[in-house]
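J.: data_30.csv (CSV, C-alpha atoms) pasted underneath:
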```
chain,number,residue,atom,x,y,z
A,1,MET,CA,65.8,-26.1,-28.7
A,2,VAL,CA,63.9,-29.0,-30.3
A,3,HIS,CA,63.9,-30.8,-27.0
A,4,ALA,CA,62.4,-27.8,-25.3
A,5,LEU,CA,59.7,-27.7,-27.9
A,6,ASN,CA,59.0,-31.4,-27.4
A,7,GLN,CA,58.7,-30.7,-23.6
A,8,ILE,CA,56.3,-27.9,-24.2
A,9,TRP,CA,54.3,-30.1,-26.5
A,10,ARG,CA,54.1,-32.8,-23.8
A,11,THR,CA,52.9,-30.4,-21.1
A,12,LEU,CA,50.3,-28.6,-23.2
A,13,VAL,CA,46.7,-29.8,-23.3
A,14,PRO,CA,45.4,-31.0,-26.7
A,15,GLY,CA,44.8,-28.0,-28.8
A,16,GLY,CA,46.8,-25.8,-26.4
A,17,LEU,CA,48.6,-22.8,-27.7
A,18,LEU,CA,52.3,-21.9,-27.7
A,19,LEU,CA,53.4,-18.3,-28.1
A,20,ASP,CA,57.0,-17.8,-29.3
A,21,LEU,CA,58.3,-14.3,-28.6
A,22,ARG,CA,61.9,-13.3,-29.3
A,23,PRO,CA,64.2,-10.7,-30.8
A,24,TYR,CA,65.9,-11.3,-34.1
A,25,SER,CA,69.2,-9.8,-35.3
A,26,ASN,CA,68.9,-7.0,-37.8
A,27,MET,CA,71.5,-4.3,-37.1
A,28,ARG,CA,69.3,-2.4,-34.7
A,29,PRO,CA,69.8,1.3,-34.5
A,30,LEU,CA,71.2,3.1,-31.4
A,31,GLU,CA,69.4,6.3,-30.9
A,32,VAL,CA,70.0,9.3,-28.7
A,33,GLY,CA,67.4,12.0,-27.9
A,34,SER,CA,64.9,13.6,-25.6
A,35,GLY,CA,61.1,13.7,-25.5
A,36,ALA,CA,59.7,12.6,-28.8
A,37,ARG,CA,62.8,13.5,-30.8
A,38,TYR,CA,65.6,11.0,-31.3
A,39,SER,CA,68.5,10.8,-33.7
A,40,VAL,CA,70.2,7.7,-35.0
A,41,ALA,CA,73.8,7.4,-33.9
A,42,GLY,CA,74.4,4.3,-35.9
A,43,PRO,CA,73.8,0.6,-36.0
A,44,VAL,CA,74.3,-1.8,-33.2
A,45,ASP,CA,76.3,-4.9,-34.1
A,46,ASP,CA,74.0,-7.8,-33.2
A,47,SER,CA,75.3,-10.2,-35.8
A,48,LEU,CA,76.4,-12.7,-33.1
A,49,GLY,CA,72.7,-13.1,-32.3
A,50,LEU,CA,72.4,-15.0,-35.6
A,51,ILE,CA,74.0,-17.8,-33.7
A,52,ASP,CA,70.8,-18.2,-31.8
A,53,ASP,CA,68.3,-16.9,-34.4
A,54,ILE,CA,69.1,-19.5,-37.0
A,55,PRO,CA,68.8,-22.6,-34.8
A,56,ALA,CA,65.7,-21.2,-33.0
A,57,SER,CA,63.9,-20.8,-36.3
A,58,ALA,CA,65.1,-24.2,-37.5
A,59,ALA,CA,63.8,-25.8,-34.2
A,60,ILE,CA,60.4,-24.2,-34.7
A,61,ALA,CA,60.4,-25.4,-38.3
A,62,GLN,CA,61.3,-28.9,-37.2
A,63,ALA,CA,58.6,-29.0,-34.6
A,64,ALA,CA,56.1,-28.1,-37.4
A,65,ARG,CA,57.5,-30.8,-39.6
A,66,GLU,CA,57.3,-33.4,-36.8
A,67,GLY,CA,53.6,-32.5,-36.5
A,68,TRP,CA,53.9,-31.2,-32.9
A,69,PHE,CA,52.7,-27.7,-33.6
A,70,GLU,CA,50.8,-25.9,-36.4
A,71,LEU,CA,51.6,-22.2,-37.0
A,72,GLU,CA,48.4,-20.2,-36.8
A,73,ARG,CA,49.7,-16.6,-36.9
A,74,SER,CA,52.9,-14.6,-37.0
A,75,ASP,CA,54.0,-11.0,-37.1
A,76,SER,CA,56.9,-8.7,-36.2
A,77,PHE,CA,57.1,-5.5,-34.2
A,78,GLU,CA,59.6,-3.1,-32.7
A,79,LEU,CA,60.3,-2.9,-29.0
A,80,LEU,CA,62.2,0.0,-27.5
A,81,SER,CA,64.6,-0.2,-24.5
A,82,TYR,CA,65.6,3.1,-22.8
A,83,TRP,CA,68.5,4.1,-20.6
A,84,ASP,CA,69.2,7.4,-18.9
A,85,SER,CA,72.7,7.7,-20.4
A,86,LEU,CA,75.1,6.2,-22.8
A,87,GLY,CA,77.3,4.9,-20.0
A,88,GLU,CA,74.3,3.1,-18.4
A,89,MET,CA,73.4,1.5,-21.6
A,90,ILE,CA,77.0,0.3,-22.2
A,91,ASP,CA,77.2,-1.1,-18.7
A,92,TYR,CA,73.8,-2.9,-19.1
A,93,VAL,CA,74.7,-4.4,-22.5
A,94,ALA,CA,78.1,-5.6,-21.1
A,95,GLU,CA,76.4,-7.3,-18.2
A,96,ASN,CA,73.4,-8.8,-20.0
A,97,TRP,CA,73.7,-8.9,-23.7
A,98,SER,CA,77.4,-9.0,-24.4
A,99,ASP,CA,77.1,-12.5,-26.0
A,100,TRP,CA,75.2,-11.1,-28.9
A,101,MET,CA,75.5,-7.3,-29.0
A,102,SER,CA,78.4,-4.9,-29.4
A,103,PHE,CA,78.9,-1.3,-30.7
A,104,PRO,CA,80.9,-0.2,-33.7
A,105,PRO,CA,83.3,2.6,-32.7
A,106,ASP,CA,81.7,5.0,-35.1
A,107,THR,CA,78.3,4.4,-33.5
A,108,LEU,CA,79.6,5.1,-30.0
A,109,GLU,CA,81.5,8.2,-31.1
A,110,ARG,CA,78.4,9.6,-32.8
A,111,ALA,CA,76.3,8.7,-29.7
A,112,ARG,CA,78.7,10.6,-27.5
A,113,GLN,CA,78.4,13.6,-29.7
A,114,LEU,CA,74.6,13.5,-29.7
A,115,GLU,CA,74.5,13.0,-25.9
A,116,ALA,CA,76.7,16.0,-25.3
A,117,ALA,CA,74.6,18.2,-27.4
A,118,ILE,CA,71.2,17.4,-25.8
A,119,ASP,CA,69.7,18.5,-22.5
A,120,TYR,CA,68.6,15.5,-20.4
A,121,PRO,CA,69.4,12.9,-23.1
A,122,ARG,CA,68.2,9.4,-23.1
A,123,VAL,CA,69.5,6.5,-25.1
A,124,ARG,CA,67.4,3.8,-26.7
A,125,ILE,CA,67.8,0.6,-28.8
A,126,ARG,CA,65.1,-0.4,-31.2
A,127,LEU,CA,64.8,-4.2,-31.0
A,128,ASN,CA,63.1,-6.2,-33.8
A,129,MET,CA,60.8,-8.8,-32.4
A,130,ILE,CA,59.0,-11.8,-33.9
A,131,ILE,CA,55.9,-13.3,-32.4
A,132,GLY,CA,54.3,-16.6,-33.5
A,133,ARG,CA,51.3,-18.5,-32.2
A,134,TYR,CA,51.3,-22.3,-32.6
A,135,ARG,CA,48.6,-24.8,-31.8
A,136,LYS,CA,49.5,-28.2,-30.4
A,137,ALA,CA,48.8,-30.9,-32.9
A,138,ILE,CA,48.6,-34.6,-32.6
A,139,ALA,CA,52.0,-36.1,-33.3
A,140,ASN,CA,52.9,-39.7,-33.4
A,141,GLY,CA,56.6,-39.0,-32.9
A,142,ALA,CA,56.4,-36.8,-29.8
A,143,ARG,CA,56.8,-38.2,-26.4
B,1,MET,CA,70.7,2.7,-13.3
B,2,THR,CA,67.4,3.5,-15.0
B,3,PHE,CA,66.5,1.0,-17.6
B,4,ILE,CA,63.1,0.7,-19.1
B,5,ARG,CA,62.0,-1.8,-21.6
B,6,ASP,CA,58.9,-1.2,-23.7
B,7,PRO,CA,57.3,1.7,-21.8
B,8,GLU,CA,54.9,2.0,-24.8
B,9,GLU,CA,53.7,-1.6,-24.0
B,10,VAL,CA,53.8,-2.7,-27.6
B,11,GLU,CA,54.9,-6.1,-26.6
B,12,THR,CA,52.0,-6.4,-24.1
B,13,ARG,CA,49.5,-5.5,-26.8
B,14,PHE,CA,50.9,-8.1,-29.2
B,15,VAL,CA,50.9,-10.8,-26.5
B,16,HIS,CA,47.2,-10.1,-25.7
B,17,ASP,CA,46.3,-9.8,-29.3
B,18,PHE,CA,47.9,-13.2,-30.1
B,19,VAL,CA,46.7,-15.3,-27.2
B,20,ASP,CA,43.8,-15.1,-24.8
B,21,VAL,CA,45.1,-16.1,-21.4
B,22,GLY,CA,41.8,-15.5,-19.7
B,23,GLY,CA,41.2,-18.2,-17.1
B,24,ALA,CA,44.0,-20.3,-18.6
B,25,HIS,CA,46.8,-22.1,-16.8
B,26,VAL,CA,49.9,-20.6,-18.5
B,27,LEU,CA,53.4,-21.9,-18.6
B,28,GLU,CA,56.0,-19.2,-19.1
B,29,ILE,CA,59.5,-20.4,-20.1
B,30,GLY,CA,62.4,-18.0,-19.5
B,31,CYS,CA,60.5,-15.7,-17.2
B,32,GLY,CA,63.6,-14.0,-15.8
B,33,ASP,CA,62.7,-11.4,-13.3
B,34,GLY,CA,59.0,-11.6,-14.2
B,35,ARG,CA,59.0,-8.5,-16.5
B,36,LEU,CA,56.6,-10.1,-19.0
B,37,THR,CA,54.8,-12.2,-16.4
B,38,TRP,CA,53.3,-9.1,-14.8
B,39,ARG,CA,51.9,-7.9,-18.1
B,40,TYR,CA,49.4,-10.8,-18.5
B,41,ALA,CA,49.2,-12.6,-15.1
B,42,ASN,CA,46.2,-10.7,-13.8
B,43,ARG,CA,44.1,-12.1,-16.7
B,44,ALA,CA,45.3,-15.7,-16.4
B,45,GLY,CA,43.8,-18.3,-14.2
B,46,ARG,CA,47.2,-19.6,-13.0
B,47,VAL,CA,50.7,-18.9,-14.1
B,48,THR,CA,53.7,-21.2,-13.7
B,49,ALA,CA,56.8,-19.4,-14.7
B,50,VAL,CA,60.2,-21.1,-15.0
B,51,ASP,CA,63.7,-20.0,-15.5
B,52,ILE,CA,67.1,-21.5,-14.8
B,53,ASP,CA,68.6,-18.4,-13.3
B,54,THR,CA,68.2,-18.5,-9.5
B,55,LEU,CA,69.0,-14.8,-9.0
B,56,ARG,CA,66.4,-13.6,-11.5
B,57,LEU,CA,63.8,-16.0,-10.1
B,58,ALA,CA,64.4,-14.5,-6.7
B,59,GLN,CA,63.8,-11.0,-8.2
B,60,ALA,CA,60.6,-12.2,-9.7
B,61,VAL,CA,59.4,-13.7,-6.3
B,62,ALA,CA,60.3,-10.4,-4.6
B,63,ALA,CA,58.3,-8.4,-7.1
B,64,ARG,CA,55.2,-10.6,-6.9
B,65,SER,CA,52.3,-8.7,-5.5
B,66,ALA,CA,50.1,-10.1,-2.8
B,67,ALA,CA,47.2,-10.2,-5.2
B,68,LEU,CA,49.1,-12.6,-7.4
B,69,ASN,CA,50.6,-14.7,-4.7
B,70,GLN,CA,48.2,-17.5,-5.0
B,71,ARG,CA,48.0,-17.4,-8.8
B,72,VAL,CA,51.6,-17.0,-9.9
B,73,SER,CA,54.3,-19.5,-9.0
B,74,PHE,CA,58.0,-19.5,-10.0
B,75,VAL,CA,60.0,-22.7,-10.5
B,76,LYS,CA,63.6,-23.2,-11.2
B,77,ALA,CA,63.7,-25.5,-14.2
B,78,SER,CA,65.2,-26.0,-17.6
B,79,ALA,CA,63.0,-26.0,-20.7
B,80,ILE,CA,64.5,-29.2,-21.9
B,81,ASP,CA,63.4,-31.0,-18.7
B,82,LEU,CA,60.2,-29.5,-17.5
B,83,PRO,CA,59.1,-31.0,-14.2
B,84,PHE,CA,55.4,-31.1,-15.0
B,85,ARG,CA,52.9,-33.8,-15.9
B,86,LYS,CA,51.7,-34.1,-19.5
B,87,GLU,CA,48.8,-32.0,-20.6
B,88,THR,CA,49.0,-29.6,-17.6
B,89,PHE,CA,48.9,-26.2,-19.3
B,90,ASP,CA,46.5,-24.5,-21.6
B,91,ARG,CA,49.0,-21.9,-22.9
B,92,ALA,CA,52.8,-21.8,-23.1
B,93,ILE,CA,54.8,-18.6,-23.6
B,94,LEU,CA,58.4,-18.8,-24.8
B,95,ALA,CA,59.6,-15.5,-23.5
B,96,TRP,CA,62.9,-14.7,-25.4
B,97,ALA,CA,63.8,-18.2,-24.5
B,98,LEU,CA,64.2,-20.2,-27.8
```
Once you've parsed the file, please lay out its structure as structure tokens.
T.:
Amino acid sequence: MVHALNQIWRTLVPGGLLLDLRPYSNMRPLEVGSGARYSVAGPVDDSLGLIDDIPASAAIAQAAREGWFELERSDSFELLSYWDSLGEMIDYVAENWSDWMSFPPDTLERARQLEAAIDYPRVRIRLNMIIGRYRKAIANGAR
Amino acid sequence: MTFIRDPEEVETRFVHDFVDVGGAHVLEIGCGDGRLTWRYANRAGRVTAVDIDTLRLAQAVAARSAALNQRVSFVKASAIDLPFRKETFDRAILAWAL
């Protein structure tokens, strides 16, 4: 990760900007509903994502310490992902996010109950995102 | 399968609020199928989007509109070995890639 940041530093013009945008693990809720009304079925287990979150944050911190980038602004926000059914969501997660996301049995059971009780249900996961803007700085140690 | 990420375009609003890509040469790392690329590319001067996943890059190329053909290019590359000269880009976006 630090090598990637060094590469980005190299390819940016002096004073260029880096935008770091990524989800972070925080026991996101799984919700089932329709229209504007959604109910929480339970938490999603995204604790394995910490395996990536911690070194990613450490890499950014190291890049700042090395003098490659200076943090100008940061924030967090929620991003929603929707599926047309619980089954579709389970298949998608298994195919794309299985290395960092799984579902506690209680959450899945509650989601199934909610899905069965709603006409035209949709399923969504609320992702927690962080965003940071960094400006390229002059660094003696970067190549 | 119907999967929709961020139909409210919250992410798009944050990206544009945080960085002005107007007229800039933008490097996007981890572009995948171009989902985020299409949300800012029309404002950028040029976009060079990289990913290591050949299949997802092919999806991005297939989804590229004729209007963005000259402005957006996709390159298979790793973030730890970017095949570009120094000081090429005005902006870099790490899209879920760090």
J.: Any idea what the distance is between atom CA of B:Ile29 and atom CA of A:Arg133?
T.: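 So the answer is 14.7 Å.
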J.: Write out as a ChimeraX atom specification every residue belonging to chain B that has an atom at most 8 Å from any atom of chain A, counting all atoms listed in the file.
T.: /B:1-7,10-11,14,18-19,79-82,84-98
J.: How far is it from atom CA of A:Ala137 to atom CA of A:Glu66, in Å with one decimal?
T.: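 Computing the Euclidean distance for atom CA of A:Ala137 and atom CA of A:Glu66 yields 9.7 Å.
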J.: Could you work out how far atom CA of A:Asp45 lies from atom CA of A:Met101, giving the answer in Å with one decimal?
T.: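 Here the two named atoms are 5.7 Å from each other.
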J.: Got a sec to check which residues sit within 6 Å of (78.1, -11.4, -28.4), counting only C-alpha atoms, and write them as a VMD selection string?
T.: chain A and resid 48 98 to 101
J.: Would you mind exporting C-alpha atoms of the selected residues as a PDB file, keeping the file's coordinate frame?
T.:
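Just written: result_27.pdb:
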```
ATOM      1  CA  LEU A  48      76.400 -12.700 -33.100  1.00  0.00           C
ATOM      2  CA  SER A  98      77.400  -9.000 -24.400  1.00  0.00           C
ATOM      3  CA  ASP A  99      77.100 -12.500 -26.000  1.00  0.00           C
ATOM      4  CA  TRP A 100      75.200 -11.100 -28.900  1.00  0.00           C
ATOM      5  CA  MET A 101      75.500  -7.300 -29.000  1.00  0.00           C
TER       6      MET A 101
END
```
J.: Give the answer as one residue: which of B:Val47, B:Val61, B:Gly30, B:Arg39 has the shortest atom-to-atom distance to B:Ala77, using only C-alpha atoms?
T.: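 Smallest separation from B:Ala77 among the options: B:Gly30.
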J.: Please check which residues have atoms at most 6 Å from (50.8, -17.9, -11.6) in the file's coordinates, counting only C-alpha atoms, and write them as a PDB file with C-alpha atoms, in the coordinates of the input.
T.:
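Final output, saved to part-v6.pdb:
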```
ATOM      1  CA  ARG B  46      47.200 -19.600 -13.000  1.00  0.00           C
ATOM      2  CA  VAL B  47      50.700 -18.900 -14.100  1.00  0.00           C
ATOM      3  CA  THR B  48      53.700 -21.200 -13.700  1.00  0.00           C
ATOM      4  CA  ARG B  71      48.000 -17.400  -8.800  1.00  0.00           C
ATOM      5  CA  VAL B  72      51.600 -17.000  -9.900  1.00  0.00           C
ATOM      6  CA  SER B  73      54.300 -19.500  -9.000  1.00  0.00           C
TER       7      SER B  73
END
```
